[in-house]
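Source file: target02.cif; contents: mmCIF, C-alpha atoms.
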```
data_work
#
loop_
_atom_site.group_PDB
_atom_site.id
_atom_site.type_symbol
_atom_site.label_atom_id
_atom_site.label_comp_id
_atom_site.auth_asym_id
_atom_site.auth_seq_id
_atom_site.Cartn_x
_atom_site.Cartn_y
_atom_site.Cartn_z
ATOM 1 C CA MET E 5 16.537 -1.578 25.112
ATOM 2 C CA LEU E 6 19.977 -2.494 23.867
ATOM 3 C CA ALA E 7 20.760 -6.203 23.695
ATOM 4 C CA LYS E 8 23.031 -7.585 26.402
ATOM 5 C CA THR E 9 25.494 -9.839 24.660
ATOM 6 C CA PRO E 10 28.430 -11.861 26.012
ATOM 7 C CA LYS E 11 32.080 -11.117 25.402
ATOM 8 C CA PRO E 12 32.997 -11.561 21.694
ATOM 9 C CA PRO E 13 33.384 -13.516 19.542
ATOM 10 C CA TYR E 14 29.749 -14.195 18.643
ATOM 11 C CA TYR E 15 27.692 -13.663 15.494
ATOM 12 C CA ALA E 16 25.352 -10.941 14.247
ATOM 13 C CA VAL E 17 22.688 -11.334 11.567
ATOM 14 C CA ILE E 18 22.020 -7.888 10.112
ATOM 15 C CA PHE E 19 18.674 -7.868 8.311
ATOM 16 C CA THR E 20 17.756 -4.620 6.540
ATOM 17 C CA SER E 21 14.566 -4.182 4.560
ATOM 18 C CA THR E 22 12.094 -1.861 2.901
ATOM 19 C CA ARG E 23 8.364 -2.580 3.206
ATOM 20 C CA THR E 24 5.541 -2.781 0.726
ATOM 21 C CA LYS E 25 2.256 -1.152 1.805
ATOM 22 C CA GLU E 26 0.731 -4.542 2.668
ATOM 23 C CA GLU E 27 -0.045 -4.721 6.392
ATOM 24 C CA LYS E 28 -2.101 -7.941 6.476
ATOM 25 C CA ASP E 29 -0.714 -10.399 9.053
ATOM 26 C CA TYR E 30 2.611 -8.530 9.234
ATOM 27 C CA LYS E 31 2.365 -7.452 12.879
ATOM 28 C CA GLU E 32 1.035 -10.869 13.949
ATOM 29 C CA MET E 33 3.885 -12.680 12.191
ATOM 30 C CA ASN E 34 6.437 -10.323 13.696
ATOM 31 C CA GLU E 35 5.122 -11.034 17.170
ATOM 32 C CA ALA E 36 5.094 -14.791 16.573
ATOM 33 C CA ILE E 37 8.667 -14.693 15.289
ATOM 34 C CA GLU E 38 9.834 -12.534 18.204
ATOM 35 C CA GLU E 39 8.363 -15.066 20.595
ATOM 36 C CA ALA E 40 9.808 -18.099 18.775
ATOM 37 C CA VAL E 41 13.325 -16.745 18.385
ATOM 38 C CA LYS E 42 13.665 -16.263 22.147
ATOM 39 C CA ASN E 43 13.646 -20.041 22.494
ATOM 40 C CA ALA E 44 16.044 -20.737 19.630
ATOM 41 C CA ASP E 45 19.305 -22.465 20.534
ATOM 42 C CA GLY E 46 22.188 -20.032 20.712
ATOM 43 C CA PHE E 47 20.037 -16.891 20.436
ATOM 44 C CA LEU E 48 21.669 -14.059 22.395
ATOM 45 C CA GLY E 49 19.386 -11.076 21.758
ATOM 46 C CA VAL E 50 17.993 -8.741 19.139
ATOM 47 C CA GLU E 51 17.793 -5.015 18.418
ATOM 48 C CA ASP E 52 15.414 -3.622 15.847
ATOM 49 C CA CYS E 53 13.736 -0.506 14.565
ATOM 50 C CA ARG E 54 11.856 0.731 11.519
ATOM 51 C CA ASP E 55 11.955 4.317 10.321
ATOM 52 C CA GLY E 56 12.004 4.502 6.548
ATOM 53 C CA ILE E 57 14.053 1.328 6.324
ATOM 54 C CA GLY E 58 13.921 -1.468 8.868
ATOM 55 C CA ILE E 59 17.015 -2.769 10.623
ATOM 56 C CA SER E 60 16.981 -5.874 12.766
ATOM 57 C CA VAL E 61 20.210 -7.171 14.244
ATOM 58 C CA SER E 62 20.017 -10.515 16.000
ATOM 59 C CA TYR E 63 22.934 -11.978 17.923
ATOM 60 C CA TRP E 64 23.908 -15.640 17.989
ATOM 61 C CA LYS E 65 26.377 -17.912 19.711
ATOM 62 C CA ASP E 66 27.729 -19.419 16.485
ATOM 63 C CA LEU E 67 27.014 -20.187 12.827
ATOM 64 C CA GLU E 68 25.384 -23.492 13.738
ATOM 65 C CA SER E 69 22.681 -21.679 15.766
ATOM 66 C CA ILE E 70 22.022 -19.351 12.827
ATOM 67 C CA ARG E 71 21.734 -22.330 10.481
ATOM 68 C CA LYS E 72 19.258 -24.066 12.787
ATOM 69 C CA TRP E 73 17.102 -20.951 13.100
ATOM 70 C CA LYS E 74 17.243 -20.510 9.322
ATOM 71 C CA ASN E 75 15.490 -23.877 9.008
ATOM 72 C CA ASN E 76 12.872 -23.275 11.697
ATOM 73 C CA PRO E 77 9.450 -23.873 10.018
ATOM 74 C CA LEU E 78 7.838 -20.651 11.274
ATOM 75 C CA HIS E 79 10.903 -18.663 10.226
ATOM 76 C CA THR E 80 10.824 -20.304 6.792
ATOM 77 C CA LEU E 81 7.147 -19.336 6.396
ATOM 78 C CA ALA E 82 7.886 -15.766 7.515
ATOM 79 C CA LYS E 83 10.699 -15.460 4.965
ATOM 80 C CA GLU E 84 8.510 -16.824 2.180
ATOM 81 C CA LYS E 85 5.657 -14.421 2.976
ATOM 82 C CA GLY E 86 8.117 -11.595 3.560
ATOM 83 C CA LYS E 87 9.555 -11.986 0.097
ATOM 84 C CA ASN E 88 6.165 -12.302 -1.588
ATOM 85 C CA ILE E 89 4.061 -9.862 0.400
ATOM 86 C CA TRP E 90 5.628 -7.597 3.002
ATOM 87 C CA PHE E 91 9.064 -6.577 1.758
ATOM 88 C CA SER E 92 9.952 -4.675 -1.392
ATOM 89 C CA SER E 93 13.660 -5.356 -0.781
ATOM 90 C CA TYR E 94 15.891 -6.838 1.870
ATOM 91 C CA LYS E 95 19.439 -7.824 2.590
ATOM 92 C CA THR E 96 20.812 -10.274 5.132
ATOM 93 C CA ARG E 97 24.411 -10.096 6.282
ATOM 94 C CA ILE E 98 26.058 -12.634 8.535
ATOM 95 C CA ALA E 99 28.946 -11.203 10.489
ATOM 96 C CA LYS E 100 31.313 -12.324 13.212
ATOM 97 C CA VAL E 101 31.500 -9.788 16.049
ATOM 98 C CA GLU E 102 35.175 -9.467 16.917
ATOM 99 C CA MET E 103 35.094 -6.548 19.355
ATOM 100 C CA ASP E 104 32.554 -4.502 21.246
ATOM 101 C CA TYR E 105 32.562 -1.622 23.686
ATOM 102 C CA ASP E 106 29.814 0.267 25.367
ATOM 103 C CA PHE E 107 28.587 3.093 27.546
ATOM 104 C CA ILE E 108 25.527 1.873 29.435
ATOM 105 C CA MET J 8 17.597 2.903 0.880
ATOM 106 C CA LEU J 9 19.588 -0.209 1.603
ATOM 107 C CA ALA J 10 23.363 0.114 1.344
ATOM 108 C CA LYS J 11 24.993 -1.406 -1.713
ATOM 109 C CA THR J 12 28.046 -3.252 -0.506
ATOM 110 C CA PRO J 13 30.624 -5.339 -2.382
ATOM 111 C CA LYS J 14 31.013 -9.085 -2.139
ATOM 112 C CA PRO J 15 32.129 -10.162 1.367
ATOM 113 C CA PRO J 16 34.374 -10.144 3.270
ATOM 114 C CA TYR J 17 34.105 -6.572 4.550
ATOM 115 C CA TYR J 18 33.399 -5.048 7.960
ATOM 116 C CA ALA J 19 30.294 -3.724 9.712
ATOM 117 C CA VAL J 20 30.247 -1.316 12.652
ATOM 118 C CA ILE J 21 26.952 -1.813 14.466
ATOM 119 C CA PHE J 22 26.199 1.203 16.660
ATOM 120 C CA THR J 23 23.066 0.980 18.803
ATOM 121 C CA SER J 24 21.985 3.714 21.184
ATOM 122 C CA THR J 25 19.294 5.247 23.320
ATOM 123 C CA ARG J 26 18.893 9.037 23.417
ATOM 124 C CA THR J 27 18.580 11.573 26.165
ATOM 125 C CA LYS J 28 15.984 14.320 25.637
ATOM 126 C CA GLU J 29 18.665 16.842 24.647
ATOM 127 C CA GLU J 30 18.181 17.966 21.048
ATOM 128 C CA LYS J 31 20.660 20.871 20.941
ATOM 129 C CA ASP J 32 23.071 20.498 18.002
ATOM 130 C CA TYR J 33 22.204 16.794 17.590
ATOM 131 C CA LYS J 34 20.685 17.060 14.113
ATOM 132 C CA GLU J 35 23.436 19.416 12.917
ATOM 133 C CA MET J 36 26.174 17.084 14.153
ATOM 134 C CA ASN J 37 24.455 14.087 12.562
ATOM 135 C CA GLU J 38 24.366 15.855 9.223
ATOM 136 C CA ALA J 39 27.998 16.931 9.477
ATOM 137 C CA ILE J 40 29.067 13.371 10.341
ATOM 138 C CA GLU J 41 26.989 11.898 7.502
ATOM 139 C CA GLU J 42 28.712 14.243 5.093
ATOM 140 C CA ALA J 43 32.219 13.591 6.450
ATOM 141 C CA VAL J 44 31.955 9.812 6.545
ATOM 142 C CA LYS J 45 31.163 9.679 2.823
ATOM 143 C CA ASN J 46 34.711 10.817 2.144
ATOM 144 C CA ALA J 47 36.372 8.486 4.643
ATOM 145 C CA ASP J 48 38.835 5.963 3.211
ATOM 146 C CA GLY J 49 37.295 2.523 2.899
ATOM 147 C CA PHE J 50 33.728 3.635 3.712
ATOM 148 C CA LEU J 51 31.263 1.428 1.820
ATOM 149 C CA GLY J 52 27.857 2.665 2.983
ATOM 150 C CA VAL J 53 25.556 3.076 5.960
ATOM 151 C CA GLU J 54 22.041 2.120 7.013
ATOM 152 C CA ASP J 55 20.341 3.750 9.964
ATOM 153 C CA CYS J 56 17.066 4.315 11.707
ATOM 154 C CA ARG J 57 15.703 5.468 15.045
ATOM 155 C CA ASP J 58 12.465 4.211 16.543
ATOM 156 C CA GLY J 59 12.749 3.764 20.275
ATOM 157 C CA ILE J 60 16.386 2.746 19.979
ATOM 158 C CA GLY J 61 18.706 3.915 17.248
ATOM 159 C CA ILE J 62 20.608 1.509 15.017
ATOM 160 C CA SER J 63 23.299 2.638 12.634
ATOM 161 C CA VAL J 64 25.266 0.071 10.669
ATOM 162 C CA SER J 65 28.185 1.386 8.650
ATOM 163 C CA TYR J 66 30.175 -0.784 6.279
ATOM 164 C CA TRP J 67 33.924 -0.638 5.775
ATOM 165 C CA LYS J 68 36.566 -2.180 3.574
ATOM 166 C CA ASP J 69 38.763 -3.315 6.477
ATOM 167 C CA LEU J 70 39.729 -2.730 10.114
ATOM 168 C CA GLU J 71 42.320 -0.148 9.110
ATOM 169 C CA SER J 72 39.592 2.086 7.582
ATOM 170 C CA ILE J 73 37.539 1.778 10.776
ATOM 171 C CA ARG J 74 40.566 2.709 12.862
ATOM 172 C CA LYS J 75 41.258 5.786 10.741
ATOM 173 C CA TRP J 76 37.635 6.954 10.956
ATOM 174 C CA LYS J 77 37.700 6.361 14.708
ATOM 175 C CA ASN J 78 40.456 8.977 14.943
ATOM 176 C CA ASN J 79 38.836 11.533 12.642
ATOM 177 C CA PRO J 80 38.657 14.808 14.668
ATOM 178 C CA LEU J 81 34.987 15.529 13.877
ATOM 179 C CA HIS J 82 34.062 11.947 14.738
ATOM 180 C CA THR J 83 36.015 12.197 17.995
ATOM 181 C CA LEU J 84 34.137 15.374 18.904
ATOM 182 C CA ALA J 85 30.784 13.745 18.029
ATOM 183 C CA LYS J 86 31.574 10.747 20.254
ATOM 184 C CA GLU J 87 32.598 12.979 23.143
ATOM 185 C CA LYS J 88 29.419 15.060 22.898
ATOM 186 C CA GLY J 89 27.343 11.951 22.278
ATOM 187 C CA LYS J 90 28.548 10.381 25.498
ATOM 188 C CA ASN J 91 28.094 13.557 27.549
ATOM 189 C CA ILE J 92 24.941 15.030 26.049
ATOM 190 C CA TRP J 93 22.902 13.095 23.481
ATOM 191 C CA PHE J 94 23.055 9.405 24.387
ATOM 192 C CA SER J 95 21.870 7.717 27.567
ATOM 193 C CA SER J 96 23.488 4.437 26.457
ATOM 194 C CA TYR J 97 25.223 2.988 23.450
ATOM 195 C CA LYS J 98 27.072 -0.041 22.232
ATOM 196 C CA THR J 99 29.480 -0.405 19.331
ATOM 197 C CA ARG J 100 30.179 -3.783 17.778
ATOM 198 C CA ILE J 101 32.797 -4.407 15.124
ATOM 199 C CA ALA J 102 31.994 -7.404 12.972
ATOM 200 C CA LYS J 103 33.415 -9.080 9.900
ATOM 201 C CA VAL J 104 30.716 -9.755 7.296
ATOM 202 C CA GLU J 105 31.329 -13.265 6.032
ATOM 203 C CA MET J 106 28.223 -13.837 3.888
ATOM 204 C CA ASP J 107 25.338 -11.856 2.514
ATOM 205 C CA TYR J 108 22.305 -12.492 0.367
ATOM 206 C CA ASP J 109 19.519 -10.266 -0.819
ATOM 207 C CA PHE J 110 16.228 -9.724 -2.552
ATOM 208 C CA ILE J 111 16.306 -6.308 -4.187
#
```
Before anything else, please render the file you have as structure tokens.
Amino acid sequence: MLAKTPKPPYYAVIFTSTRTKEEKDYKEMNEAIEEAVKNADGFLGVEDCRDGIGISVSYWKDLESIRKWKNNPLHTLAKEKGKNIWFSSYKTRIAKVEMDYDFI
Amino acid sequence: MLAKTPKPPYYAVIFTSTRTKEEKDYKEMNEAIEEAVKNADGFLGVEDCRDGIGISVSYWKDLESIRKWKNNPLHTLAKEKGKNIWFSSYKTRIAKVEMDYDFI
């Protein structure tokens, strides 16, 4: 399902990654994070997929919401484990959505 | 492979979509577009995957480059066919990347 986002401007966090072969706790953490982010202030939606590389784009009301989520304890743990265990590389880009158009 | 992009600011075009079941010419058009975009002015790289939904994030030097690519004849044809044949829904978001950080 595509994310339903409000009229711009709003923010996108584009997280792209490649995985190691380590599966331990990965799915469980993903599910816990998915659940937690839904309740984060200013969270507007997320779109993700993995097929060779992984792409996860989450949408946020403003930079302040992104900053708060960045400091969420579960998210901090997930990032720490991600870097050490699950991901072989990743990149995070923070971008201001200026325009959007759709066909839904 | 993750895209190697320069220091921000630059632009991201986030294209998310769901597919119809129609496969005719889809792969061929995708390959032709992938080849053509590499030579587009201001194109910086692309990351994409499909797994349930499709996410394609292309990176661009500035809005002018995006505008020029938008009017590329092959791209125009691909969008027209995409809307009529291959996609059941899609959304395009144009966003200015303000910050990025990585672990590569």
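Among the candidates J:Lys86, J:Arg74, J:Lys28, J:Arg57, the one nearest to chain E when counting all atoms listed in the file is J:Arg57.
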### Message
Within 12 Å of chain E, which residues belong to chain J? Use all atoms listed in the file and report them as a ChimeraX atom specification.
### Response
/J:8-26,53-66,70,86-87,89-91,94-111
### Distance of atom CA of Phe47 of chain E from atom CA of Asn75 of chain E, expressed in Å to one decimal place
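Separating atom CA of Asn75 of chain E from atom CA of Phe47 of chain E is a distance of 14.1 Å.
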### Message
So the first atom is atom CA of Asp48 of chain J and the second is atom CA of Lys31 of chain J; what is the distance between them in Å, to one decimal place?
### Response
29.4 Å
### Task
Quote the spacing between atom CA of Asn76 of chain E and atom CA of Gly49 of chain E in Å to one decimal place.
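Interatomic distance here is 17.1 Å.
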Which polymer residues have any atom within 12 Å of an atom of Lys88 of chain J, counting all atoms listed in the file, with same-chain residues fewer than 4 positions away left out, as a short mmCIF file (atom, residue, chain, number, x, y, z; two decimals) with C-alpha atoms, keeping the file's coordinate frame?
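Below you can see result-v2.cif, which holds the result:
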```cif
data_model
loop_
_atom_site.label_atom_id
_atom_site.label_comp_id
_atom_site.auth_asym_id
_atom_site.auth_seq_id
_atom_site.Cartn_x
_atom_site.Cartn_y
_atom_site.Cartn_z
CA THR J 27 18.58 11.57 26.16
CA GLU J 29 18.66 16.84 24.65
CA GLU J 30 18.18 17.97 21.05
CA LYS J 31 20.66 20.87 20.94
CA ASP J 32 23.07 20.50 18.00
CA TYR J 33 22.20 16.79 17.59
CA MET J 36 26.17 17.08 14.15
CA ASN J 37 24.46 14.09 12.56
CA LEU J 81 34.99 15.53 13.88
CA HIS J 82 34.06 11.95 14.74
CA THR J 83 36.02 12.20 18.00
CA LEU J 84 34.14 15.37 18.90
CA ILE J 92 24.94 15.03 26.05
CA TRP J 93 22.90 13.10 23.48
CA PHE J 94 23.06 9.40 24.39
CA SER J 95 21.87 7.72 27.57
#
```
Write out as AutoDock Vina command-line options an axis-aligned box for segment 71-84 of chain J: all of its atoms listed in the file, 5 Å added on each side, centre and edge lengths in Å with one decimal.
```
--center_x 38.2 --center_y 7.7 --center_z 13.2 --size_x 18.3 --size_y 25.7 --size_z 21.3
```
Taking N, CA, C and O atoms as the atom set, what does segment 59-78 of chain E look like once completed, written as a PDB file, keeping the file's coordinate frame?
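File produced: result_18.pdb:
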```pdb
ATOM      1  N   ILE E  59      15.759  -2.095  10.299  1.00  0.00           N
ATOM      2  CA  ILE E  59      17.015  -2.769  10.623  1.00  0.00           C
ATOM      3  C   ILE E  59      16.747  -3.676  11.807  1.00  0.00           C
ATOM      4  O   ILE E  59      16.202  -3.237  12.821  1.00  0.00           O
ATOM      5  N   SER E  60      17.106  -4.937  11.658  1.00  0.00           N
ATOM      6  CA  SER E  60      16.981  -5.874  12.766  1.00  0.00           C
ATOM      7  C   SER E  60      18.312  -6.601  12.876  1.00  0.00           C
ATOM      8  O   SER E  60      18.776  -7.219  11.919  1.00  0.00           O
ATOM      9  N   VAL E  61      18.940  -6.479  14.035  1.00  0.00           N
ATOM     10  CA  VAL E  61      20.210  -7.171  14.244  1.00  0.00           C
ATOM     11  C   VAL E  61      20.010  -8.209  15.339  1.00  0.00           C
ATOM     12  O   VAL E  61      19.684  -7.851  16.474  1.00  0.00           O
ATOM     13  N   SER E  62      20.126  -9.473  14.980  1.00  0.00           N
ATOM     14  CA  SER E  62      20.017 -10.515  16.000  1.00  0.00           C
ATOM     15  C   SER E  62      21.413 -11.079  16.267  1.00  0.00           C
ATOM     16  O   SER E  62      22.276 -11.083  15.388  1.00  0.00           O
ATOM     17  N   TYR E  63      21.611 -11.507  17.498  1.00  0.00           N
ATOM     18  CA  TYR E  63      22.934 -11.978  17.923  1.00  0.00           C
ATOM     19  C   TYR E  63      22.856 -13.458  18.268  1.00  0.00           C
ATOM     20  O   TYR E  63      21.872 -13.910  18.866  1.00  0.00           O
ATOM     21  N   TRP E  64      23.904 -14.185  17.898  1.00  0.00           N
ATOM     22  CA  TRP E  64      23.908 -15.640  17.989  1.00  0.00           C
ATOM     23  C   TRP E  64      25.246 -16.149  18.486  1.00  0.00           C
ATOM     24  O   TRP E  64      26.287 -15.553  18.207  1.00  0.00           O
ATOM     25  N   LYS E  65      25.166 -17.292  19.161  1.00  0.00           N
ATOM     26  CA  LYS E  65      26.377 -17.912  19.711  1.00  0.00           C
ATOM     27  C   LYS E  65      27.370 -18.319  18.611  1.00  0.00           C
ATOM     28  O   LYS E  65      28.569 -18.103  18.737  1.00  0.00           O
ATOM     29  N   ASP E  66      26.850 -18.919  17.544  1.00  0.00           N
ATOM     30  CA  ASP E  66      27.729 -19.419  16.485  1.00  0.00           C
ATOM     31  C   ASP E  66      26.952 -19.617  15.174  1.00  0.00           C
ATOM     32  O   ASP E  66      25.730 -19.437  15.136  1.00  0.00           O
ATOM     33  N   LEU E  67      27.653 -19.999  14.137  1.00  0.00           N
ATOM     34  CA  LEU E  67      27.014 -20.187  12.827  1.00  0.00           C
ATOM     35  C   LEU E  67      26.000 -21.329  12.844  1.00  0.00           C
ATOM     36  O   LEU E  67      24.988 -21.282  12.149  1.00  0.00           O
ATOM     37  N   GLU E  68      26.284 -22.350  13.647  1.00  0.00           N
ATOM     38  CA  GLU E  68      25.384 -23.492  13.738  1.00  0.00           C
ATOM     39  C   GLU E  68      24.004 -23.065  14.258  1.00  0.00           C
ATOM     40  O   GLU E  68      22.970 -23.514  13.740  1.00  0.00           O
ATOM     41  N   SER E  69      23.967 -22.188  15.246  1.00  0.00           N
ATOM     42  CA  SER E  69      22.681 -21.679  15.766  1.00  0.00           C
ATOM     43  C   SER E  69      21.931 -20.922  14.680  1.00  0.00           C
ATOM     44  O   SER E  69      20.702 -21.040  14.558  1.00  0.00           O
ATOM     45  N   ILE E  70      22.650 -20.126  13.907  1.00  0.00           N
ATOM     46  CA  ILE E  70      22.022 -19.351  12.827  1.00  0.00           C
ATOM     47  C   ILE E  70      21.439 -20.297  11.785  1.00  0.00           C
ATOM     48  O   ILE E  70      20.320 -20.107  11.303  1.00  0.00           O
ATOM     49  N   ARG E  71      22.175 -21.343  11.473  1.00  0.00           N
ATOM     50  CA  ARG E  71      21.734 -22.330  10.481  1.00  0.00           C
ATOM     51  C   ARG E  71      20.459 -23.035  10.964  1.00  0.00           C
ATOM     52  O   ARG E  71      19.514 -23.233  10.208  1.00  0.00           O
ATOM     53  N   LYS E  72      20.440 -23.392  12.235  1.00  0.00           N
ATOM     54  CA  LYS E  72      19.258 -24.066  12.787  1.00  0.00           C
ATOM     55  C   LYS E  72      18.027 -23.151  12.740  1.00  0.00           C
ATOM     56  O   LYS E  72      16.942 -23.565  12.362  1.00  0.00           O
ATOM     57  N   TRP E  73      18.216 -21.908  13.124  1.00  0.00           N
ATOM     58  CA  TRP E  73      17.102 -20.951  13.100  1.00  0.00           C
ATOM     59  C   TRP E  73      16.637 -20.694  11.666  1.00  0.00           C
ATOM     60  O   TRP E  73      15.444 -20.519  11.408  1.00  0.00           O
ATOM     61  N   LYS E  74      17.576 -20.701  10.744  1.00  0.00           N
ATOM     62  CA  LYS E  74      17.243 -20.510   9.322  1.00  0.00           C
ATOM     63  C   LYS E  74      16.239 -21.575   8.862  1.00  0.00           C
ATOM     64  O   LYS E  74      15.377 -21.309   8.037  1.00  0.00           O
ATOM     65  N   ASN E  75      16.353 -22.770   9.418  1.00  0.00           N
ATOM     66  CA  ASN E  75      15.490 -23.877   9.008  1.00  0.00           C
ATOM     67  C   ASN E  75      14.257 -24.069   9.878  1.00  0.00           C
ATOM     68  O   ASN E  75      13.479 -24.991   9.666  1.00  0.00           O
ATOM     69  N   ASN E  76      14.078 -23.211  10.869  1.00  0.00           N
ATOM     70  CA  ASN E  76      12.872 -23.275  11.697  1.00  0.00           C
ATOM     71  C   ASN E  76      11.639 -23.072  10.801  1.00  0.00           C
ATOM     72  O   ASN E  76      11.615 -22.147   9.983  1.00  0.00           O
ATOM     73  N   PRO E  77      10.609 -23.938  10.922  1.00  0.00           N
ATOM     74  CA  PRO E  77       9.450 -23.873  10.018  1.00  0.00           C
ATOM     75  C   PRO E  77       8.712 -22.520  10.034  1.00  0.00           C
ATOM     76  O   PRO E  77       8.344 -22.011   8.979  1.00  0.00           O
ATOM     77  N   LEU E  78       8.522 -21.944  11.202  1.00  0.00           N
ATOM     78  CA  LEU E  78       7.838 -20.651  11.274  1.00  0.00           C
ATOM     79  C   LEU E  78       8.678 -19.568  10.596  1.00  0.00           C
ATOM     80  O   LEU E  78       8.170 -18.716   9.864  1.00  0.00           O
TER      81      LEU E  78
END
```
